[in-house]
Amino acid sequence: MSPLTATLIGSTAVLLWATLALFTAWSGAVPPFLLVAICFATATAMIAAKWTADRLRGRGGPVLSRFRVPLGAALFGTAGLFGYHFFYFTALKNAPPVEAGLIAYLWPLLIVLFSALLPGERLRWFHLVGALMGLAGAGLLVTKGGSLDFDARHTLGYLAAMVCALTWSSYSVLSRRFQSVSTDAVGTYCAASAVLGLICHLMLEETVLPSAGIEWLAVFALGLGPVGAAFFTWDIGMKRGHIQVLGAFAYAAPLLSTLLLVAVGIGEATRDLAIACALIVGGALVASKELLTRRRA
């Protein structure tokens, strides 16, 4: 698989993450960790169905055996998937959502920066400029053009948001170190994350299940898309694609999410949205300078 193909596959994760806010809004009052448990269980069932189909066609071994991955990879992947959600929800519970959300969304910029530590990767000025433009655009979307108010009373929440950003950016970049581990291993990470999500739910939350058919459909859509297939395609992009380009392009997720909410009547089109759109799209193009130039040549 060529780096360009892997990058295009990885970019579909960003498109899927753009539906996260909409499907979450439609999922009703399901508490966060229970939602994580159901979504990751759905993702696990999805990959198990794929493995079953492979088995019926004579490709691959028994389904249960394919959940077995090297212990190091299993711990690494579970820490990435579940750790991100754990610290994100901790941040939102202990800090204002605007400030916590913006700190957590430093992860695309950190991916671009951390990629310079990988063998064979070079961090160029246009990668950094593109990521910073994306961050500025995401800041406009999250704050809605307002100001930030960091209060020392919410330090725990801010720290959790920073750990959240570090967790996902580190997981994404270090995935390159596990190139020999099949992307199917993400199915094991999802299964472990579902179990941990259920444990956290039972310890920390009151059970509230979806109360209508549309809410159940939204929950399952989350598990199939932004909290399911997205992690598999992201794994391919991080392992074999252009990491800096994907890092900058990741800022398209909040933009596309906002545009989707506007399209269904939940959000509102504003001047700040137009400016954020220009910054994020422009940043992605700047970060892709080398790739686009190479393709033209």
# chains A, B, ... in the order shown; residues from 1 in each chain; ligands from 1
>>> residues_around(residues="region 36-39 of chain A", least_positions_apart="3", cutoff="8 Å", atoms="only C-alpha atoms", output="PyMOL selection string")
chain A and resi 32-33+42-43+85+193-198+219-220+222-224+227-228
>>> residues_around(residues="Ala21 (chain A)", least_positions_apart="3", cutoff="9 Å", atoms="only C-alpha atoms", output="PyMOL selection string")
chain A and resi 17-18+24-26+254+257-258+261
>>> write_last_selection(atoms="N, CA and C atoms", output="mmCIF file, in the first residue's frame")
data_model
loop_
_atom_site.group_PDB
_atom_site.id
_atom_site.type_symbol
_atom_site.label_atom_id
_atom_site.label_comp_id
_atom_site.auth_asym_id
_atom_site.auth_seq_id
_atom_site.Cartn_x
_atom_site.Cartn_y
_atom_site.Cartn_z
ATOM 1 N N TRP A 17 -15.401 10.973 12.261
ATOM 2 C CA TRP A 17 -15.443 11.704 13.533
ATOM 3 C C TRP A 17 -16.297 12.955 13.433
ATOM 4 N N ALA A 18 -16.488 13.464 12.214
ATOM 5 C CA ALA A 18 -17.335 14.642 12.026
ATOM 6 C C ALA A 18 -18.789 14.355 12.388
ATOM 7 N N THR A 24 -24.164 11.744 18.818
ATOM 8 C CA THR A 24 -24.205 11.843 20.284
ATOM 9 C C THR A 24 -25.423 12.644 20.722
ATOM 10 N N ALA A 25 -25.726 13.735 20.007
ATOM 11 C CA ALA A 25 -26.893 14.550 20.342
ATOM 12 C C ALA A 25 -28.184 13.745 20.187
ATOM 13 N N TRP A 26 -28.200 12.836 19.228
ATOM 14 C CA TRP A 26 -29.394 12.023 18.986
ATOM 15 C C TRP A 26 -29.470 10.791 19.888
ATOM 16 N N PRO A 254 -13.890 19.014 13.624
ATOM 17 C CA PRO A 254 -14.843 19.936 14.256
ATOM 18 C C PRO A 254 -15.539 20.850 13.256
ATOM 19 N N SER A 257 -18.159 18.725 11.532
ATOM 20 C CA SER A 257 -19.178 18.447 12.540
ATOM 21 C C SER A 257 -20.118 19.636 12.695
ATOM 22 N N THR A 258 -19.537 20.838 12.754
ATOM 23 C CA THR A 258 -20.347 22.046 12.892
ATOM 24 C C THR A 258 -21.225 22.251 11.660
ATOM 25 N N LEU A 261 -24.148 19.930 11.799
ATOM 26 C CA LEU A 261 -25.163 20.388 12.758
ATOM 27 C C LEU A 261 -25.973 21.540 12.167
#
>>> select_by_dssp(residues="region 66-186 of chain A", states="helix (DSSP H, G or I)", output="NGL selection string")
:A and (66-67 or 71-94 or 97-104 or 107-117 or 125-143 or 152-178 or 183-186)
>>> atom_distance(atom1="CA of Ala252 (chain A)", atom2="CA of Val129 (chain A)")
15.3 Å
>>> closest_atom_pairs(of="region 8-103 of chain A", to="region 245-251 of chain A", cutoff="10 Å", atoms="only C-alpha atoms", output="tab-separated table")
residue	atom	partner	partner_atom	distance
A:Leu8	CA	A:Leu246	CA	8.9
A:Gly10	CA	A:Leu246	CA	7.2
A:Ser11	CA	A:Leu246	CA	6.5
A:Ala13	CA	A:Ala250	CA	8.7
A:Val14	CA	A:Ala250	CA	5.7
A:Leu15	CA	A:Ala250	CA	8.8
A:Trp17	CA	A:Ala250	CA	9.1
A:Ala18	CA	A:Ala250	CA	9.7
>>> closest_atom_pairs(of="region 88-180 of chain A", to="region 54-73 of chain A", cutoff="12 Å", atoms="only C-alpha atoms", output="CSV")
residue,atom,partner,partner_atom,distance
A:Tyr171,CA,A:Ala73,CA,10.8
A:Leu174,CA,A:Ala73,CA,10.7
A:Ser175,CA,A:Ala73,CA,9.2
A:Arg176,CA,A:Ala73,CA,11.7
A:Arg177,CA,A:Ala73,CA,9.8
A:Phe178,CA,A:Ala73,CA,7.2
A:Gln179,CA,A:Ala73,CA,10.4
A:Ser180,CA,A:Ala73,CA,10.2
>>> closest_atom_pairs(of="region 75-191 of chain A", to="region 202-212 of chain A", cutoff="12 Å", atoms="only C-alpha atoms", output="JSON lines")
{"residue": "A:Phe86", "atom": "CA", "partner": "A:Leu204", "partner_atom": "CA", "distance": 11.7}
{"residue": "A:Phe89", "atom": "CA", "partner": "A:Leu204", "partner_atom": "CA", "distance": 11.7}
{"residue": "A:Thr90", "atom": "CA", "partner": "A:Leu204", "partner_atom": "CA", "distance": 11.2}
{"residue": "A:Lys93", "atom": "CA", "partner": "A:Leu204", "partner_atom": "CA", "distance": 11.9}
>>> write_last_selection(atoms="C-alpha atoms", output="PDB file, in the first residue's frame")
ATOM      1  CA  PHE A  86     -11.453   8.385  30.122  1.00  0.00           C
ATOM      2  CA  PHE A  89     -14.798  12.783  30.132  1.00  0.00           C
ATOM      3  CA  THR A  90     -12.811  13.503  33.309  1.00  0.00           C
ATOM      4  CA  LYS A  93     -16.618  16.898  34.420  1.00  0.00           C
TER       5      LYS A  93
END
>>> atom_distance(atom1="CA of Thr7 (chain A)", atom2="CA of Phe232 (chain A)")
12.8 Å
>>> atom_distance(atom1="CA of Ile9 (chain A)", atom2="CA of Leu255 (chain A)")
19.3 Å
>>> residues_around(residues="Glu99 (chain A)", least_positions_apart="3", cutoff="10 Å", atoms="only C-alpha atoms", output="JSON, numbers by chain")
{"A": [91, 92, 95, 96, 102, 103, 104, 105, 139, 142, 143, 147, 148, 149, 150, 151, 154, 157, 158, 161]}
>>> write_last_selection(atoms="C-alpha atoms", output="PDB file, in the first residue's frame")
ATOM      1  CA  ALA A  91     -11.827  16.854  31.821  1.00  0.00           C
ATOM      2  CA  LEU A  92     -15.418  17.764  30.915  1.00  0.00           C
ATOM      3  CA  ALA A  95     -13.600  22.053  33.850  1.00  0.00           C
ATOM      4  CA  PRO A  96     -15.770  24.265  31.612  1.00  0.00           C
ATOM      5  CA  LEU A 102      -9.910  23.322  23.219  1.00  0.00           C
ATOM      6  CA  ILE A 103      -7.046  21.897  25.310  1.00  0.00           C
ATOM      7  CA  ALA A 104      -8.067  18.345  24.385  1.00  0.00           C
ATOM      8  CA  TYR A 105      -8.065  19.336  20.732  1.00  0.00           C
ATOM      9  CA  GLY A 139     -10.414  27.557  18.544  1.00  0.00           C
ATOM     10  CA  VAL A 142     -15.036  25.756  20.101  1.00  0.00           C
ATOM     11  CA  THR A 143     -15.203  29.249  21.632  1.00  0.00           C
ATOM     12  CA  SER A 147     -12.888  34.643  25.036  1.00  0.00           C
ATOM     13  CA  LEU A 148     -11.346  31.931  27.176  1.00  0.00           C
ATOM     14  CA  ASP A 149     -11.460  32.056  30.970  1.00  0.00           C
ATOM     15  CA  PHE A 150      -8.997  29.683  32.603  1.00  0.00           C
ATOM     16  CA  ASP A 151      -9.775  29.402  36.325  1.00  0.00           C
ATOM     17  CA  HIS A 154     -10.530  23.797  37.363  1.00  0.00           C
ATOM     18  CA  GLY A 157      -9.961  19.304  34.482  1.00  0.00           C
ATOM     19  CA  TYR A 158      -7.369  21.218  32.479  1.00  0.00           C
ATOM     20  CA  ALA A 161      -7.663  17.542  29.011  1.00  0.00           C
TER      21      ALA A 161
END
>>> closest_residue(among="A:Pro226, A:Ser288, A:Val186, A:Leu273", to="Thr19 (chain A)", atoms="only C-alpha atoms")
A:Pro226
